[in-house]
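Trainee: Here you go, work-v1.cif (mmCIF, C-alpha atoms):
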```cif
data_model
loop_
_atom_site.group_PDB
_atom_site.id
_atom_site.type_symbol
_atom_site.label_atom_id
_atom_site.label_comp_id
_atom_site.auth_asym_id
_atom_site.auth_seq_id
_atom_site.Cartn_x
_atom_site.Cartn_y
_atom_site.Cartn_z
ATOM 1 C CA MET A 1018 64.653 5.689 49.673
ATOM 2 C CA LYS A 1019 62.702 6.350 52.840
ATOM 3 C CA LEU A 1020 63.474 4.110 55.764
ATOM 4 C CA LYS A 1021 59.956 2.667 55.829
ATOM 5 C CA GLN A 1022 60.278 1.621 52.163
ATOM 6 C CA LEU A 1023 63.734 0.243 52.822
ATOM 7 C CA ILE A 1024 62.360 -1.942 55.618
ATOM 8 C CA GLU A 1025 59.403 -3.108 53.527
ATOM 9 C CA SER A 1026 61.547 -3.984 50.504
ATOM 10 C CA SER A 1027 64.097 -5.788 52.735
ATOM 11 C CA LYS A 1028 61.294 -7.946 54.151
ATOM 12 C CA LEU A 1029 59.791 -8.617 50.721
ATOM 13 C CA GLN A 1030 63.094 -9.665 49.200
ATOM 14 C CA ASP A 1031 64.277 -11.363 52.422
ATOM 15 C CA ASP A 1032 67.571 -9.527 51.901
ATOM 16 C CA TYR A 1033 68.642 -7.144 54.632
ATOM 17 C CA SER A 1034 71.974 -5.956 53.222
ATOM 18 C CA ALA A 1035 70.594 -2.537 52.223
ATOM 19 C CA LEU A 1036 69.173 -2.087 55.728
ATOM 20 C CA LEU A 1037 72.512 -3.056 57.276
ATOM 21 C CA ASP A 1038 74.289 -0.576 54.972
ATOM 22 C CA PHE A 1039 72.282 2.005 56.852
ATOM 23 C CA VAL A 1040 74.177 1.139 60.075
ATOM 24 C CA PRO A 1041 77.957 1.507 59.575
ATOM 25 C CA TYR A 1042 78.693 0.005 63.005
ATOM 26 C CA ALA A 1043 76.712 -3.180 62.207
ATOM 27 C CA LYS A 1044 78.928 -3.689 59.142
ATOM 28 C CA PHE A 1045 82.051 -2.852 61.137
ATOM 29 C CA ILE A 1046 81.482 -5.784 63.525
ATOM 30 C CA GLY A 1047 79.920 -8.067 60.861
ATOM 31 C CA VAL A 1048 76.180 -8.402 61.573
ATOM 32 C CA THR A 1049 73.801 -10.167 59.181
ATOM 33 C CA ILE A 1050 70.042 -10.790 59.416
ATOM 34 C CA THR A 1051 67.993 -13.796 58.322
ATOM 35 C CA GLN A 1052 64.478 -14.942 59.050
ATOM 36 C CA ASP A 1053 63.452 -18.390 60.268
ATOM 37 C CA LYS A 1054 60.373 -19.958 61.848
ATOM 38 C CA ASP A 1055 61.068 -18.205 65.154
ATOM 39 C CA GLY A 1056 61.478 -14.730 63.649
ATOM 40 C CA TRP A 1057 64.464 -12.513 62.921
ATOM 41 C CA LEU A 1058 67.816 -14.102 63.590
ATOM 42 C CA PHE A 1059 70.858 -11.855 63.938
ATOM 43 C CA THR A 1060 74.305 -13.341 63.303
ATOM 44 C CA LEU A 1061 77.697 -11.926 64.271
ATOM 45 C CA ALA A 1062 80.386 -13.340 61.976
ATOM 46 C CA THR A 1063 83.632 -14.786 63.316
ATOM 47 C CA GLU A 1064 85.897 -11.805 62.895
ATOM 48 C CA PRO A 1065 89.438 -11.718 64.397
ATOM 49 C CA ASN A 1066 89.097 -7.976 64.974
ATOM 50 C CA ASN A 1067 86.209 -8.624 67.382
ATOM 51 C CA ILE A 1068 88.466 -10.454 69.831
ATOM 52 C CA GLY A 1069 88.823 -8.836 73.245
ATOM 53 C CA ASN A 1070 90.990 -11.351 75.045
ATOM 54 C CA PRO A 1071 93.488 -13.069 72.699
ATOM 55 C CA ILE A 1072 94.650 -15.502 75.397
ATOM 56 C CA THR A 1073 91.472 -17.399 76.257
ATOM 57 C CA PRO A 1074 90.528 -16.370 73.342
ATOM 58 C CA ALA A 1075 87.193 -14.575 73.708
ATOM 59 C CA LEU A 1076 85.119 -11.968 71.926
ATOM 60 C CA HIS A 1077 85.267 -8.458 73.380
ATOM 61 C CA GLY A 1078 82.375 -8.022 75.828
ATOM 62 C CA GLY A 1079 81.675 -4.634 74.269
ATOM 63 C CA VAL A 1080 81.272 -6.199 70.816
ATOM 64 C CA ILE A 1081 78.724 -8.678 72.216
ATOM 65 C CA ALA A 1082 76.870 -5.758 73.812
ATOM 66 C CA GLY A 1083 77.073 -3.718 70.589
ATOM 67 C CA PHE A 1084 75.809 -6.693 68.569
ATOM 68 C CA MET A 1085 72.861 -7.114 70.957
ATOM 69 C CA GLU A 1086 72.070 -3.379 70.795
ATOM 70 C CA VAL A 1087 72.068 -3.570 66.973
ATOM 71 C CA ALA A 1088 69.737 -6.607 67.191
ATOM 72 C CA ALA A 1089 67.388 -4.785 69.585
ATOM 73 C CA ALA A 1090 67.201 -1.631 67.452
ATOM 74 C CA LEU A 1091 66.790 -3.383 64.090
ATOM 75 C CA GLY A 1092 64.431 -5.974 65.596
ATOM 76 C CA GLN A 1093 62.253 -3.142 66.850
ATOM 77 C CA MET A 1094 62.294 -1.432 63.440
ATOM 78 C CA LEU A 1095 61.493 -4.635 61.544
ATOM 79 C CA THR A 1096 58.618 -5.516 63.860
ATOM 80 C CA SER A 1097 57.041 -2.092 64.196
ATOM 81 C CA GLN A 1098 53.972 -1.115 62.153
ATOM 82 C CA HIS A 1099 55.262 2.459 62.182
ATOM 83 C CA PRO A 1100 59.050 2.256 62.028
ATOM 84 C CA THR A 1101 61.056 5.081 63.556
ATOM 85 C CA ILE A 1102 64.747 5.451 64.235
ATOM 86 C CA PRO A 1103 65.015 4.191 67.819
ATOM 87 C CA LYS A 1104 67.266 6.200 70.129
ATOM 88 C CA ILE A 1105 68.946 4.252 72.923
ATOM 89 C CA ILE A 1106 68.019 5.368 76.470
ATOM 90 C CA ASN A 1107 69.702 2.616 78.424
ATOM 91 C CA PHE A 1108 71.196 -0.784 77.901
ATOM 92 C CA SER A 1109 71.934 -3.440 80.480
ATOM 93 C CA ILE A 1110 73.791 -6.691 79.805
ATOM 94 C CA ASP A 1111 74.472 -9.787 81.901
ATOM 95 C CA TYR A 1112 77.339 -11.998 80.743
ATOM 96 C CA ILE A 1113 76.441 -15.618 81.391
ATOM 97 C CA ARG A 1114 79.112 -17.729 79.691
ATOM 98 C CA ALA A 1115 82.487 -17.098 78.061
ATOM 99 C CA ALA A 1116 82.066 -16.211 74.374
ATOM 100 C CA GLY A 1117 84.508 -18.071 72.142
ATOM 101 C CA VAL A 1118 85.660 -16.837 68.754
ATOM 102 C CA LYS A 1119 82.860 -18.433 66.746
ATOM 103 C CA PRO A 1120 79.575 -17.364 65.136
ATOM 104 C CA THR A 1121 77.259 -15.702 67.640
ATOM 105 C CA TYR A 1122 73.490 -15.422 67.303
ATOM 106 C CA ALA A 1123 70.874 -13.162 68.824
ATOM 107 C CA ARG A 1124 67.131 -12.860 68.942
ATOM 108 C CA CYS A 1125 65.147 -10.063 70.469
ATOM 109 C CA SER A 1126 61.666 -9.823 71.846
ATOM 110 C CA ILE A 1127 59.661 -6.632 72.015
ATOM 111 C CA VAL A 1128 58.345 -6.722 75.569
ATOM 112 C CA ARG A 1129 56.393 -3.537 75.167
ATOM 113 C CA GLN A 1130 56.150 -0.970 72.459
ATOM 114 C CA GLY A 1131 54.486 2.193 73.678
ATOM 115 C CA LYS A 1132 54.009 5.453 71.813
ATOM 116 C CA ARG A 1133 57.316 6.893 73.002
ATOM 117 C CA ILE A 1134 59.289 4.063 74.541
ATOM 118 C CA ALA A 1135 60.053 0.474 73.589
ATOM 119 C CA ASN A 1136 61.262 -2.157 76.072
ATOM 120 C CA ILE A 1137 63.230 -4.941 74.379
ATOM 121 C CA THR A 1138 65.083 -7.990 75.651
ATOM 122 C CA VAL A 1139 67.814 -9.766 73.696
ATOM 123 C CA LEU A 1140 69.285 -13.246 74.080
ATOM 124 C CA ALA A 1141 72.666 -14.169 72.564
ATOM 125 C CA TRP A 1142 74.152 -17.640 72.176
ATOM 126 C CA GLN A 1143 76.769 -19.544 70.232
ATOM 127 C CA LYS A 1144 76.317 -23.327 70.031
ATOM 128 C CA ASP A 1145 72.979 -23.772 71.729
ATOM 129 C CA GLU A 1146 70.117 -21.332 72.074
ATOM 130 C CA LEU A 1147 69.300 -22.915 75.449
ATOM 131 C CA GLN A 1148 72.784 -22.045 76.724
ATOM 132 C CA PRO A 1149 72.961 -18.266 76.245
ATOM 133 C CA ILE A 1150 76.234 -16.364 76.506
ATOM 134 C CA ALA A 1151 74.460 -13.118 77.429
ATOM 135 C CA THR A 1152 71.078 -11.544 78.045
ATOM 136 C CA ALA A 1153 70.361 -7.857 77.623
ATOM 137 C CA ARG A 1154 67.571 -5.369 78.098
ATOM 138 C CA ALA A 1155 67.213 -2.072 76.265
ATOM 139 C CA HIS A 1156 64.919 0.933 76.354
ATOM 140 C CA PHE A 1157 64.599 3.007 73.210
ATOM 141 C CA LEU A 1158 63.010 6.375 72.636
ATOM 142 C CA LEU A 1159 60.880 6.275 69.496
ATOM 143 C CA GLY A 1160 60.924 9.353 67.311
ATOM 144 C CA GLU A 1161 58.820 10.507 64.396
ATOM 145 C CA GLU A 1162 57.753 7.959 61.832
ATOM 146 C CA VAL A 1163 60.197 7.872 58.907
ATOM 147 C CA MET B 1212 102.698 0.339 90.517
ATOM 148 C CA ASP B 1213 102.875 4.130 90.045
ATOM 149 C CA SER B 1214 100.831 6.135 87.533
ATOM 150 C CA LYS B 1215 103.553 6.172 84.901
ATOM 151 C CA GLU B 1216 103.966 2.386 85.026
ATOM 152 C CA LEU B 1217 100.194 1.907 84.957
ATOM 153 C CA LEU B 1218 99.961 4.086 81.839
ATOM 154 C CA VAL B 1219 102.596 2.000 80.050
ATOM 155 C CA GLN B 1220 100.962 -1.227 81.233
ATOM 156 C CA GLY B 1221 97.545 0.017 80.094
ATOM 157 C CA ASN B 1222 98.706 0.916 76.616
ATOM 158 C CA ASN B 1223 100.530 -2.410 76.257
ATOM 159 C CA PHE B 1224 97.299 -4.096 77.398
ATOM 160 C CA LEU B 1225 95.190 -2.282 74.746
ATOM 161 C CA GLN B 1226 97.740 -3.111 72.053
ATOM 162 C CA VAL B 1227 97.234 -6.847 72.561
ATOM 163 C CA LEU B 1228 93.414 -6.673 72.557
ATOM 164 C CA PRO B 1229 92.592 -6.915 68.825
ATOM 165 C CA HIS B 1230 89.296 -5.007 68.966
ATOM 166 C CA CYS B 1231 90.786 -2.153 71.012
ATOM 167 C CA LYS B 1232 93.793 -2.000 68.703
ATOM 168 C CA LYS B 1233 91.532 -1.860 65.651
ATOM 169 C CA LEU B 1234 89.608 1.050 67.211
ATOM 170 C CA GLY B 1235 92.842 2.868 68.094
ATOM 171 C CA MET B 1236 92.036 3.191 71.815
ATOM 172 C CA LYS B 1237 94.716 4.706 74.064
ATOM 173 C CA VAL B 1238 95.061 5.011 77.834
ATOM 174 C CA ILE B 1239 95.709 8.686 78.573
ATOM 175 C CA THR B 1240 95.534 8.769 82.380
ATOM 176 C CA ALA B 1241 95.974 6.003 84.934
ATOM 177 C CA SER B 1242 96.313 5.870 88.693
ATOM 178 C CA LYS B 1243 95.416 3.390 91.447
ATOM 179 C CA GLY B 1244 91.946 2.064 90.537
ATOM 180 C CA GLN B 1245 91.263 4.740 87.894
ATOM 181 C CA ALA B 1246 91.868 5.306 84.203
ATOM 182 C CA THR B 1247 90.840 7.376 81.182
ATOM 183 C CA ILE B 1248 90.948 6.119 77.615
ATOM 184 C CA GLU B 1249 90.623 8.003 74.340
ATOM 185 C CA LEU B 1250 88.937 6.782 71.167
ATOM 186 C CA PRO B 1251 89.744 8.669 67.954
ATOM 187 C CA TYR B 1252 87.051 9.500 65.393
ATOM 188 C CA ASN B 1253 86.326 6.791 62.831
ATOM 189 C CA PRO B 1254 83.470 6.906 60.250
ATOM 190 C CA GLU B 1255 83.033 3.111 60.506
ATOM 191 C CA ILE B 1256 81.598 3.314 64.024
ATOM 192 C CA LEU B 1257 78.563 5.451 63.228
ATOM 193 C CA GLY B 1258 75.072 4.485 64.250
ATOM 194 C CA MET B 1259 71.859 4.283 62.369
ATOM 195 C CA ASP B 1260 70.723 7.496 60.837
ATOM 196 C CA SER B 1261 73.904 8.610 59.050
ATOM 197 C CA GLN B 1262 73.506 11.925 60.844
ATOM 198 C CA GLY B 1263 76.940 11.584 62.309
ATOM 199 C CA TYR B 1264 76.355 9.936 65.674
ATOM 200 C CA VAL B 1265 78.566 7.237 67.139
ATOM 201 C CA HIS B 1266 76.801 3.900 67.759
ATOM 202 C CA GLY B 1267 75.940 3.029 71.375
ATOM 203 C CA GLY B 1268 77.809 -0.284 71.010
ATOM 204 C CA ILE B 1269 81.076 1.611 70.635
ATOM 205 C CA LEU B 1270 80.406 3.495 73.867
ATOM 206 C CA THR B 1271 79.648 0.186 75.629
ATOM 207 C CA THR B 1272 82.914 -1.227 74.258
ATOM 208 C CA MET B 1273 84.814 1.792 75.600
ATOM 209 C CA MET B 1274 83.165 1.526 79.035
ATOM 210 C CA ASP B 1275 83.753 -2.242 79.297
ATOM 211 C CA THR B 1276 87.400 -1.652 78.400
ATOM 212 C CA VAL B 1277 88.048 1.269 80.738
ATOM 213 C CA CYS B 1278 86.125 -0.275 83.669
ATOM 214 C CA GLY B 1279 88.098 -3.506 83.141
ATOM 215 C CA PHE B 1280 91.361 -1.597 83.168
ATOM 216 C CA ALA B 1281 90.336 0.332 86.310
ATOM 217 C CA VAL B 1282 89.947 -3.102 87.978
ATOM 218 C CA THR B 1283 93.432 -4.131 86.829
ATOM 219 C CA ALA B 1284 94.777 -0.816 88.124
ATOM 220 C CA ALA B 1285 93.182 -1.493 91.531
ATOM 221 C CA LEU B 1286 94.249 -5.098 92.157
ATOM 222 C CA PRO B 1287 97.663 -6.196 93.473
ATOM 223 C CA ALA B 1288 98.253 -8.772 90.694
ATOM 224 C CA GLN B 1289 97.224 -9.199 87.052
ATOM 225 C CA GLU B 1290 94.149 -11.150 88.125
ATOM 226 C CA PHE B 1291 91.788 -12.330 85.365
ATOM 227 C CA CYS B 1292 88.415 -10.646 86.018
ATOM 228 C CA PRO B 1293 85.695 -11.180 83.394
ATOM 229 C CA THR B 1294 82.733 -8.774 83.218
ATOM 230 C CA LEU B 1295 79.683 -10.011 85.134
ATOM 231 C CA ASP B 1296 77.289 -7.272 84.058
ATOM 232 C CA LEU B 1297 77.251 -3.743 82.760
ATOM 233 C CA ARG B 1298 74.654 -1.004 82.480
ATOM 234 C CA MET B 1299 74.762 2.057 80.270
ATOM 235 C CA ASP B 1300 72.623 5.191 80.610
ATOM 236 C CA HIS B 1301 72.718 7.418 77.553
ATOM 237 C CA MET B 1302 72.396 11.121 78.407
ATOM 238 C CA ARG B 1303 72.691 12.234 74.804
ATOM 239 C CA ARG B 1304 74.310 11.125 71.558
ATOM 240 C CA ALA B 1305 78.007 11.358 70.729
ATOM 241 C CA ASN B 1306 78.889 13.512 67.747
ATOM 242 C CA ALA B 1307 81.216 11.870 65.305
ATOM 243 C CA LYS B 1308 83.599 14.761 65.082
ATOM 244 C CA GLY B 1309 86.532 14.156 67.331
ATOM 245 C CA SER B 1310 87.712 11.953 70.132
ATOM 246 C CA ILE B 1311 85.555 10.374 72.815
ATOM 247 C CA PHE B 1312 86.985 9.967 76.321
ATOM 248 C CA ALA B 1313 85.932 7.377 78.882
ATOM 249 C CA TRP B 1314 86.835 7.506 82.559
ATOM 250 C CA ALA B 1315 86.238 4.766 85.121
ATOM 251 C CA GLN B 1316 86.943 4.033 88.742
ATOM 252 C CA CYS B 1317 86.989 0.733 90.617
ATOM 253 C CA TYR B 1318 85.344 1.950 93.820
ATOM 254 C CA LYS B 1319 84.951 -1.265 95.808
ATOM 255 C CA ILE B 1320 86.661 -4.628 95.834
ATOM 256 C CA THR B 1321 85.517 -7.642 97.803
ATOM 257 C CA ARG B 1322 87.018 -11.151 97.829
ATOM 258 C CA SER B 1323 84.821 -12.085 94.850
ATOM 259 C CA ILE B 1324 83.628 -8.941 93.049
ATOM 260 C CA CYS B 1325 85.027 -5.629 91.760
ATOM 261 C CA PHE B 1326 82.540 -2.755 91.471
ATOM 262 C CA THR B 1327 83.195 -0.014 88.912
ATOM 263 C CA ARG B 1328 81.533 3.129 87.641
ATOM 264 C CA GLY B 1329 82.402 5.608 84.946
ATOM 265 C CA TYR B 1330 81.266 7.933 82.221
ATOM 266 C CA ALA B 1331 82.174 8.990 78.695
ATOM 267 C CA TYR B 1332 82.386 12.543 77.377
ATOM 268 C CA GLN B 1333 83.615 14.581 74.450
ATOM 269 C CA ASP B 1334 84.452 18.208 75.200
ATOM 270 C CA ASP B 1335 83.399 18.554 78.809
ATOM 271 C CA PRO B 1336 83.696 15.881 81.550
ATOM 272 C CA ASP B 1337 80.840 17.667 83.381
ATOM 273 C CA ASP B 1338 78.506 17.033 80.435
ATOM 274 C CA PRO B 1339 78.785 13.253 79.916
ATOM 275 C CA ILE B 1340 77.406 11.283 76.964
ATOM 276 C CA VAL B 1341 76.886 8.127 79.015
ATOM 277 C CA HIS B 1342 77.095 6.912 82.585
ATOM 278 C CA CYS B 1343 77.977 3.306 83.280
ATOM 279 C CA VAL B 1344 78.193 0.841 86.151
ATOM 280 C CA ALA B 1345 79.788 -2.570 85.744
ATOM 281 C CA THR B 1346 80.837 -5.435 87.987
ATOM 282 C CA PHE B 1347 83.679 -7.872 87.421
ATOM 283 C CA VAL B 1348 84.290 -11.324 88.942
ATOM 284 C CA ARG B 1349 87.629 -12.116 90.577
ATOM 285 C CA SER B 1350 88.868 -15.454 89.284
ATOM 286 C CA GLY B 1351 91.794 -15.770 91.709
ATOM 287 C CA LYS B 1352 93.919 -16.692 88.683
ATOM 288 C CA ALA B 1353 96.357 -14.910 86.423
ATOM 289 C CA TRP B 1354 97.808 -15.815 83.052
ATOM 290 C CA GLY B 1355 101.242 -17.326 83.499
ATOM 291 C CA LYS B 1356 103.578 -19.699 81.741
ATOM 292 C CA GLY B 1357 101.562 -22.563 80.307
ATOM 293 C CA GLY B 1358 98.129 -21.244 81.222
ATOM 294 C CA PHE B 1359 96.178 -19.800 84.113
ATOM 295 C CA VAL B 1360 97.830 -20.123 87.494
ATOM 296 C CA LYS B 1361 96.255 -19.702 90.911
ATOM 297 C CA LEU B 1362 97.330 -16.546 92.697
ATOM 298 C CA GLY B 1363 98.903 -16.715 96.134
ATOM 299 C CA ALA B 1364 97.266 -15.203 99.227
ATOM 300 C CA GLU B 1365 99.444 -12.060 99.023
ATOM 301 C CA ASP B 1366 98.151 -11.342 95.500
ATOM 302 C CA LEU B 1367 94.536 -11.727 96.537
ATOM 303 C CA LEU B 1368 94.749 -9.333 99.485
ATOM 304 C CA LEU B 1369 94.370 -5.601 99.072
#
```
Using the file provided, produce a representation of the structure as structure tokens.
Mentor:
Amino acid sequence: MKLKQLIESSKLQDDYSALLDFVPYAKFIGVTITQDKDGWLFTLATEPNNIGNPITPALHGGVIAGFMEVAAALGQMLTSQHPTIPKIINFSIDYIRAAGVKPTYARCSIVRQGKRIANITVLAWQKDELQPIATARAHFLLGEEV
Amino acid sequence: MDSKELLVQGNNFLQVLPHCKKLGMKVITASKGQATIELPYNPEILGMDSQGYVHGGILTTMMDTVCGFAVTAALPAQEFCPTLDLRMDHMRRANAKGSIFAWAQCYKITRSICFTRGYAYQDDPDDPIVHCVATFVRSGKAWGKGGFVKLGAEDLLL
């Protein structure tokens, strides 16, 4: 199935498992996608293998960053009229609060989608969306429509 | 601590971090304020297009880990230093056909902040996959018996 069809059928059925199968890393860390009144909601499951610091304990900062990069890329693909496979140019993350070993959520907003480059911000939180654990910004290079 | 001790300490450190252990990361070089880690190939860490590229999140995980260890290798005590921020610049994609290496250096330490920089590469260190800068916050505390304990003045000096 072409990627564009895969995205369309995922949206129609409100089931994103086939889309996530397309991204081995997203499955590796345990990402799922749902849709609510505010848009796409990305969830990172509580997974012991995602722990970075076992003492505090806290999620690995790199897993939080990876989760937010997955959210940015898939959020861009789901939102775009002409989905392409976005290629990461750069990614910048600010860690705001300690991330406990519990479900983590993320939402992204497409700040600008140009012909070649997309600018996307991502917010991640655990208990309360108004108390984020991290914010991130990503630039993606957009390729040929697929 | 000399390089040999730092290498042992680094590998013990990665063994107790569940995510690093799961990925099979190893410290292969370590010296004062510097380190290199190796990540073996694993098909589970691929990115989107199934064309055999490693996901950017894995590279960020490697850089966060190696920059964090470079901080540990620069400080006098095992001070707890969480990541404040981190930026990745992707020069090109990483082929999923062999190890990835990540090198980092802690190039400046103040009373509050540790500044690090590094890059990741596959075959040639002069042709990096990513460049990274990251800063870490000094907590002035270390993990001891019964919880975090405040470090003494001698452990906070450089």
Trainee: Apply the PyMOL selection byres ((chain A) within 7 of (chain B)) to the displayed file and report the matching residues as an MDAnalysis selection string.
Mentor: chainID A and resid 1039:1042 1045 1066:1071 1077:1080 1082:1083 1086 1105:1112
Trainee: Any idea what the distance is between atom CA of A:Arg1129 and atom CA of A:His1156?
Mentor: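 Pair atom CA of A:Arg1129 / atom CA of A:His1156 returns 9.7 Å.
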Trainee: Please enclose the listed atoms of stretch 1226-1229 of chain B in an axis-aligned box, pad each side by 3 Å, and write out the centre and the three edge lengths in Å, rounded to one decimal, as JSON.
Mentor:
```
{"center_x": 95.2, "center_y": -5.0, "center_z": 70.7, "size_x": 11.1, "size_y": 9.8, "size_z": 9.7}
```
Trainee: From (56.5, -0.2, 63.9), in the file's coordinates, out to 12 Å: which residues are reached, counting all atoms listed in the file? Answer as a VMD selection string.
Mentor: chain A and resid 1020 to 1021 1024 to 1025 1090 to 1103 1127 1129 to 1135 1159 to 1163
Trainee: Save out the residues we just selected, C-alpha atoms, as a compact mmCIF listing (two decimals), keeping the file's coordinate frame.
Mentor:
```txt
# COMPACT_ATOMS: atom_id res chain seq x y z
CA LEU A 1020 63.47 4.11 55.76
CA LYS A 1021 59.96 2.67 55.83
CA ILE A 1024 62.36 -1.94 55.62
CA GLU A 1025 59.40 -3.11 53.53
CA ALA A 1090 67.20 -1.63 67.45
CA LEU A 1091 66.79 -3.38 64.09
CA GLY A 1092 64.43 -5.97 65.60
CA GLN A 1093 62.25 -3.14 66.85
CA MET A 1094 62.29 -1.43 63.44
CA LEU A 1095 61.49 -4.64 61.54
CA THR A 1096 58.62 -5.52 63.86
CA SER A 1097 57.04 -2.09 64.20
CA GLN A 1098 53.97 -1.12 62.15
CA HIS A 1099 55.26 2.46 62.18
CA PRO A 1100 59.05 2.26 62.03
CA THR A 1101 61.06 5.08 63.56
CA ILE A 1102 64.75 5.45 64.24
CA PRO A 1103 65.02 4.19 67.82
CA ILE A 1127 59.66 -6.63 72.02
CA ARG A 1129 56.39 -3.54 75.17
CA GLN A 1130 56.15 -0.97 72.46
CA GLY A 1131 54.49 2.19 73.68
CA LYS A 1132 54.01 5.45 71.81
CA ARG A 1133 57.32 6.89 73.00
CA ILE A 1134 59.29 4.06 74.54
CA ALA A 1135 60.05 0.47 73.59
CA LEU A 1159 60.88 6.28 69.50
CA GLY A 1160 60.92 9.35 67.31
CA GLU A 1161 58.82 10.51 64.40
CA GLU A 1162 57.75 7.96 61.83
CA VAL A 1163 60.20 7.87 58.91
```
Trainee: So the first atom is atom CA of B:Met1212 and the second is atom CA of A:Ile1072; what is the distance between them in Å, to one decimal place?
Mentor: 23.3 Å
Trainee: Would you compute the distance between atom CA of A:Thr1063 and atom CA of A:Ala1141? Give it in Å to one decimal.
Mentor: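 Between atom CA of A:Thr1063 and atom CA of A:Ala1141 the gap is 14.4 Å.
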Trainee: Quick one: which residues end up in the PyMOL selection byres ((chain A and resi 1137) around 7) for this structure, as JSON, numbers by chain?
Mentor: {"A": [1089, 1125, 1126, 1127, 1128, 1135, 1136, 1138, 1139, 1154, 1155, 1156]}
Trainee: On this file, the PyMOL selection byres ((chain B and resi 1213) around 9) gives some set of residues; write that set as an NGL selection string.
Mentor: :B and (1212 or 1214-1218 or 1241-1243)
